[in-house]
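Colleague: Before we start, here is the structure in question, set down as structure tokens.
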Amino acid sequence: MGDPEQTEVTDAQQIEASLTNPDAFASLFDRHAGALHRYISKRVRRPDAEDLVGEAFAVAFRSRRTYGLSRPDARPWLFGIATNLVRHHWRSEGRRLRRERAAAAMVDDYGDPSEEAVSNVFFQAHAEPIARALGQLDDVYLDVLLLVAGPGFSYEEVSVALGIPVGTVRSRLSRGRRQLRELLGVSGQYLDEQSPAEVPISTEGPS
Amino acid sequence: MSTDLDLVNDFMHAEEVSASELLIARSILDEAIASEIEEDGLAVPLDRASQVRNRSSRRRIQ
């Protein structure tokens with residue numbers, strides 16, 4: 001058997017092949033759909049995630065002629081498309097809730113039907129403290145944090161995915177992590193610092 | 001000791017994705033591909049994935 005690193009066809013090569021043979025694009029789905037689903041399903045309700053994964057690949061397919069073929073790994077491009085679709089999804093949800101509320105004068109859990117507030121309510125529905133903390137993060141920090149911690153993107157890959165400079169990625173990650181630590185601290189989790197429970201309590205009085 | 005990024009990573013990878021969960025997603029891509037092939041003048045049979053997609057749409061409408 002040959003060296004898989006030498007024989008593996010890159011995403012860029014598959015995209016290039018799909019320009020003349022559209023079916024070749026399906027191999028990108030086989031490679032990355034699982035990871036994309038994991039990312040999207042943590043940001044929208046699970047039934048909606050299936051549709052958004054499909055939409056992300058459909059959008060990517062239709063715009064593949066604009067893909068920079070010098071980039072062998074298409075994941076930053078795909079996750080960038082997915083991030084935009086997630087935002088669009090929550091904007092649509094916010095509009096829908098505003099319409100419903102206007103039509104029926106409804107009072108529901110979504111006190112503020114803005115995009116960010118509606119998506120935050122989604123996170124609050126999770127039991128895990130980390131999900132609830134993520135729900136309170138500013139969206140610009142959340143995007144960067146999830147792309148670094150989820151698919152494990154580098155600063156450069158996040159920069160490509162979100163279309164922002166590398167320096168902005170770095171500062172947003174730093175601020176996002178700080179905000180997250182504060183939020184988790186509030187909810188009783190201690191991370192880089194020693195937990196009070198682990199701090200030995202002296203029983204000796206002052207000498 | 002866990003760091004904040006480890007916690008986020010664990011949260012992101014907490015659940016596995018089953019192949020059946022990706023059927024609808026795949027059918028959406030297949031439709032996009034079929035649509036382009038059709039525009040180029042090639043005949044495209046209604047494949048199984050599209051049937052799944054159509055069934056799903058009907059289910060959601062109901």
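Quick note on naming: the chains in the structure tokens go A, B, ... in the order shown, residues restart at 1 in each chain, and ligands are numbered from 1 in order of appearance.
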Pull out every residue of chain B sitting within 7 Å of chain A, counting only C-alpha atoms, and send them as a PyMOL selection string.
Modeller: chain B and resi 2-5+7-9+12-13+17+21-22+24-26+28-29+32-33
Colleague: Now that the selection is made, can you save its residues with C-alpha atoms as a CSV table (one decimal), in the first residue's frame?
Modeller:
```
chain,number,residue,atom,x,y,z
B,2,SER,CA,-9.8,20.9,32.5
B,3,THR,CA,-9.4,24.2,30.8
B,4,ASP,CA,-12.3,26.3,29.4
B,5,LEU,CA,-11.4,25.1,25.9
B,7,LEU,CA,-15.0,22.0,28.4
B,8,VAL,CA,-16.2,23.5,25.1
B,9,ASN,CA,-14.5,20.8,23.1
B,12,MET,CA,-19.0,20.0,21.0
B,13,HIS,CA,-18.2,16.3,20.8
B,17,VAL,CA,-23.9,11.8,14.6
B,21,GLU,CA,-29.3,11.9,10.7
B,22,LEU,CA,-27.4,13.0,7.6
B,24,ILE,CA,-31.9,14.6,4.7
B,25,ALA,CA,-28.8,16.8,4.6
B,26,ARG,CA,-27.4,14.6,1.8
B,28,ILE,CA,-30.5,18.5,-0.1
B,29,LEU,CA,-27.0,18.5,-1.6
B,32,ALA,CA,-28.6,20.9,-5.8
B,33,ILE,CA,-26.3,18.7,-7.8
```
Colleague: Just the residues within 7 Å of Arg172 of chain A, please, counting only C-alpha atoms, with nothing from its chain fewer than 3 positions along; format it as a ChimeraX atom specification.
Modeller: /A:141,144,168-169,175-176
Colleague: So that I have them on file, write out the residues from the current selection with all heavy atoms, as an mmCIF file, in the first residue's frame.
Modeller:
```
data_model
loop_
_atom_site.group_PDB
_atom_site.id
_atom_site.type_symbol
_atom_site.label_atom_id
_atom_site.label_comp_id
_atom_site.auth_asym_id
_atom_site.auth_seq_id
_atom_site.Cartn_x
_atom_site.Cartn_y
_atom_site.Cartn_z
ATOM 1 N N TYR A 141 -17.675 36.413 19.970
ATOM 2 C CA TYR A 141 -16.737 35.566 20.700
ATOM 3 C C TYR A 141 -17.117 34.093 20.537
ATOM 4 O O TYR A 141 -16.255 33.220 20.420
ATOM 5 C CB TYR A 141 -16.724 35.927 22.190
ATOM 6 C CG TYR A 141 -16.368 37.352 22.498
ATOM 7 C CD1 TYR A 141 -16.869 37.990 23.625
ATOM 8 C CD2 TYR A 141 -15.518 38.082 21.659
ATOM 9 C CE1 TYR A 141 -16.536 39.307 23.910
ATOM 10 C CE2 TYR A 141 -15.193 39.397 21.943
ATOM 11 C CZ TYR A 141 -15.712 40.008 23.069
ATOM 12 O OH TYR A 141 -15.393 41.305 23.351
ATOM 13 N N VAL A 144 -15.828 32.352 17.285
ATOM 14 C CA VAL A 144 -14.398 32.033 17.327
ATOM 15 C C VAL A 144 -14.131 30.879 18.290
ATOM 16 O O VAL A 144 -13.416 29.920 17.954
ATOM 17 C CB VAL A 144 -13.584 33.279 17.746
ATOM 18 C CG1 VAL A 144 -12.114 32.920 17.948
ATOM 19 C CG2 VAL A 144 -13.713 34.381 16.689
ATOM 20 N N THR A 168 -7.752 39.857 14.867
ATOM 21 C CA THR A 168 -9.104 39.950 15.444
ATOM 22 C C THR A 168 -9.516 38.602 16.028
ATOM 23 O O THR A 168 -10.144 38.533 17.084
ATOM 24 C CB THR A 168 -10.115 40.393 14.366
ATOM 25 O OG1 THR A 168 -9.653 41.601 13.774
ATOM 26 C CG2 THR A 168 -11.495 40.609 14.950
ATOM 27 N N VAL A 169 -9.142 37.522 15.314
ATOM 28 C CA VAL A 169 -9.435 36.172 15.833
ATOM 29 C C VAL A 169 -8.777 36.012 17.202
ATOM 30 O O VAL A 169 -9.414 35.571 18.179
ATOM 31 C CB VAL A 169 -8.907 35.078 14.875
ATOM 32 C CG1 VAL A 169 -9.071 33.697 15.502
ATOM 33 C CG2 VAL A 169 -9.624 35.147 13.538
ATOM 34 N N ARG A 175 -10.712 37.408 24.588
ATOM 35 C CA ARG A 175 -11.815 38.036 25.337
ATOM 36 C C ARG A 175 -12.940 37.034 25.595
ATOM 37 O O ARG A 175 -13.545 37.024 26.661
ATOM 38 C CB ARG A 175 -12.361 39.233 24.563
ATOM 39 C CG ARG A 175 -11.411 40.409 24.578
ATOM 40 C CD ARG A 175 -11.934 41.538 23.739
ATOM 41 N NE ARG A 175 -10.868 42.489 23.443
ATOM 42 C CZ ARG A 175 -10.877 43.322 22.409
ATOM 43 N NH1 ARG A 175 -11.882 43.314 21.557
ATOM 44 N NH2 ARG A 175 -9.883 44.155 22.209
ATOM 45 N N GLY A 176 -13.198 36.193 24.607
ATOM 46 C CA GLY A 176 -14.255 35.198 24.757
ATOM 47 C C GLY A 176 -13.934 34.214 25.870
ATOM 48 O O GLY A 176 -14.806 33.855 26.669
#
```
Colleague: Considering only C-alpha atoms, state which residue in the set A:Glu157, A:Asp48, A:Arg170, A:His32 is at the smallest distance from His89 of chain A.
Modeller: A:Asp48
Colleague: Calculate how many Å separate atom CA of Leu183 of chain A from atom CA of Leu142 of chain A, rounding to one decimal.
Modeller: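 The value is 13.1 Å.
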Colleague: Measure the distance from atom CA of Arg96 of chain A to atom CA of Asn84 of chain A in Å and round it to one decimal.
Modeller: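 These two atoms are separated by 18.2 Å.
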Colleague: By how many Å are atom CA of Leu28 of chain A and atom CA of Asp11 of chain A apart?
Modeller: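 For atom CA of Leu28 of chain A relative to atom CA of Asp11 of chain A, the distance reads 6.6 Å.
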